[in-house]
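Step one of this worksheet: look at the structure below.
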Amino acid sequence: AYPRYEPAGVVAAIAPWNFPLSLETWKVAPALAWGNTVVLKPSEKTPGVGQVLAELMHETGIPAGVFNVAQGGPETARRLTVHEEIDGILFTGSWPVGRRILEANLDRPGRIVALEMGGNNPAVVMPSADLKQAGVECVRAGFATTGQRCTSTRRVLLHRAIADRFERREQRRQGRV
């Protein structure tokens with residue numbers, strides 16, 4: 001057996017508003033490298049980033065029609081995800097939207113559908129942890145970039161042996177005890 005890499009065809013890349021350049025290029029670069037054409041739909045909240053990316057692509061010599069940008073809101077994204085000539089969908093965003101994309105494509109088994117939907121990341125604090133540092137890291141992981149990323153900590157799981165001490169430490173730190 002050996003791997004074989006073949007282009008899918010036309011790939012729709014639907015990106016969110018947070019970290020727009022990173023999340024757009026993480027979709028676009030591999031799709032282009034594999035020989036696909038791409039239609040990028042940047043978030044309507046950060047449309048300029050997608051536009052600048054398109055300008056840079058064309059300045060580098062990407063042939064016309066290989067990299068395209070479709071500006072718009074949710075209706076533009078919906079239309080891309082059900083368009084008959086789209087061979088692949090790369091999406092980063094919320095669970096409800098990703099689920100709708102998946103449901104709209106269930107009867108298209110040959111279409112690539114890659115969904116990166118909102119994470120639900122736990123922090124696990126064990127008895128061997130430095131509780132002060134664990135508290136700092138739980139807060140940092142939950143609220144870095146104001147919690148607006150899929151890798152933010154959404155919940156804290158505490159081993160029962162340290163749960164009361166951890167909670168009391170945090171209450172004292174917050175001035176609630």
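Following the order of the structure tokens, first chain is A, next is B, and so on, with residues numbered from 1 inside each chain and ligands from 1 in the order they appear.
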Selection near Phe19 in chain A, 12 Å with only C-alpha atoms, sequence-local residues under 3 positions removed, as a count of residues only: 19
Picked from range 46-173 of chain A by DSSP as helix (DSSP H, G or I), as number ranges by chain: A: 47-59, 74-82, 95-104, 131-147, 163-173
All strand (DSSP E) positions in range 93-131 of chain A, as a PyMOL selection string: chain A and resi 93+112-117+121-125
Pairwise distance for CA of Leu106 in chain A and CA of His83 in chain A, rounded to one decimal in Å: 13.6 Å
Contact residues around range 116-122 of chain A with only C-alpha atoms at 9 Å, ignoring same-chain residues under 6 positions, as a VMD selection string: chain A and resid 90 to 99 149 to 157
What does the file look like for those residues with N, CA and C atoms, as a PDB file, in the first residue's frame?
```pdb
ATOM      1  N   LEU A  90     -13.880  23.302   3.885  1.00  0.00           N
ATOM      2  CA  LEU A  90     -13.032  23.425   5.062  1.00  0.00           C
ATOM      3  C   LEU A  90     -13.641  24.531   5.917  1.00  0.00           C
ATOM      4  N   PHE A  91     -14.087  24.201   7.107  1.00  0.00           N
ATOM      5  CA  PHE A  91     -14.832  25.148   7.937  1.00  0.00           C
ATOM      6  C   PHE A  91     -14.256  25.203   9.341  1.00  0.00           C
ATOM      7  N   THR A  92     -14.117  26.400   9.864  1.00  0.00           N
ATOM      8  CA  THR A  92     -13.828  26.612  11.283  1.00  0.00           C
ATOM      9  C   THR A  92     -14.902  27.553  11.807  1.00  0.00           C
ATOM     10  N   GLY A  93     -15.560  27.135  12.874  1.00  0.00           N
ATOM     11  CA  GLY A  93     -16.608  27.967  13.458  1.00  0.00           C
ATOM     12  C   GLY A  93     -17.381  27.214  14.515  1.00  0.00           C
ATOM     13  N   SER A  94     -18.606  27.619  14.693  1.00  0.00           N
ATOM     14  CA  SER A  94     -19.411  27.090  15.792  1.00  0.00           C
ATOM     15  C   SER A  94     -19.969  25.701  15.500  1.00  0.00           C
ATOM     16  N   TRP A  95     -20.320  25.033  16.573  1.00  0.00           N
ATOM     17  CA  TRP A  95     -20.938  23.712  16.478  1.00  0.00           C
ATOM     18  C   TRP A  95     -22.250  23.748  15.693  1.00  0.00           C
ATOM     19  N   PRO A  96     -23.177  24.662  15.980  1.00  0.00           N
ATOM     20  CA  PRO A  96     -24.444  24.649  15.232  1.00  0.00           C
ATOM     21  C   PRO A  96     -24.257  24.838  13.729  1.00  0.00           C
ATOM     22  N   VAL A  97     -23.363  25.745  13.326  1.00  0.00           N
ATOM     23  CA  VAL A  97     -23.137  25.975  11.895  1.00  0.00           C
ATOM     24  C   VAL A  97     -22.457  24.762  11.265  1.00  0.00           C
ATOM     25  N   GLY A  98     -21.453  24.217  11.936  1.00  0.00           N
ATOM     26  CA  GLY A  98     -20.784  23.032  11.423  1.00  0.00           C
ATOM     27  C   GLY A  98     -21.736  21.869  11.250  1.00  0.00           C
ATOM     28  N   ARG A  99     -22.647  21.713  12.179  1.00  0.00           N
ATOM     29  CA  ARG A  99     -23.640  20.630  12.085  1.00  0.00           C
ATOM     30  C   ARG A  99     -24.549  20.838  10.870  1.00  0.00           C
ATOM     31  N   ARG A 149     -11.417  31.790  21.539  1.00  0.00           N
ATOM     32  CA  ARG A 149     -10.709  30.840  20.682  1.00  0.00           C
ATOM     33  C   ARG A 149     -11.163  29.435  21.052  1.00  0.00           C
ATOM     34  N   CYS A 150     -11.054  28.538  20.121  1.00  0.00           N
ATOM     35  CA  CYS A 150     -11.563  27.191  20.346  1.00  0.00           C
ATOM     36  C   CYS A 150     -10.716  26.404  21.330  1.00  0.00           C
ATOM     37  N   THR A 151      -9.529  26.854  21.632  1.00  0.00           N
ATOM     38  CA  THR A 151      -8.667  26.136  22.564  1.00  0.00           C
ATOM     39  C   THR A 151      -8.758  26.673  23.990  1.00  0.00           C
ATOM     40  N   SER A 152      -9.676  27.574  24.248  1.00  0.00           N
ATOM     41  CA  SER A 152      -9.821  28.105  25.600  1.00  0.00           C
ATOM     42  C   SER A 152     -10.349  27.021  26.536  1.00  0.00           C
ATOM     43  N   THR A 153      -9.868  27.066  27.788  1.00  0.00           N
ATOM     44  CA  THR A 153     -10.381  26.143  28.793  1.00  0.00           C
ATOM     45  C   THR A 153     -11.822  26.523  29.111  1.00  0.00           C
ATOM     46  N   ARG A 154     -12.703  25.553  29.023  1.00  0.00           N
ATOM     47  CA  ARG A 154     -14.127  25.795  29.261  1.00  0.00           C
ATOM     48  C   ARG A 154     -14.592  25.289  30.618  1.00  0.00           C
ATOM     49  N   ARG A 155     -13.821  24.365  31.202  1.00  0.00           N
ATOM     50  CA  ARG A 155     -14.208  23.814  32.502  1.00  0.00           C
ATOM     51  C   ARG A 155     -12.956  23.297  33.189  1.00  0.00           C
ATOM     52  N   VAL A 156     -13.032  23.182  34.513  1.00  0.00           N
ATOM     53  CA  VAL A 156     -11.914  22.710  35.311  1.00  0.00           C
ATOM     54  C   VAL A 156     -12.363  21.456  36.043  1.00  0.00           C
ATOM     55  N   LEU A 157     -11.614  20.379  35.841  1.00  0.00           N
ATOM     56  CA  LEU A 157     -11.891  19.116  36.526  1.00  0.00           C
ATOM     57  C   LEU A 157     -10.874  18.963  37.647  1.00  0.00           C
TER      58      LEU A 157
END
```
Residues near Trp34 in chain A, cut-off 10 Å, only C-alpha atoms, skip fewer than 3 positions along chain, as a ChimeraX atom specification: /A:5-9,29-31,37
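Compared by their closest atoms to Asp87 in chain A, and using only C-alpha atoms, the residues A:Asn36, A:Glu170, A:Glu44, A:Val66 rank with A:Asn36 nearest.
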Counting only C-alpha atoms, the residue of A:Leu32, A:Val125, A:Leu56, A:Cys138 that sits nearest Ala161 in chain A: A:Val125
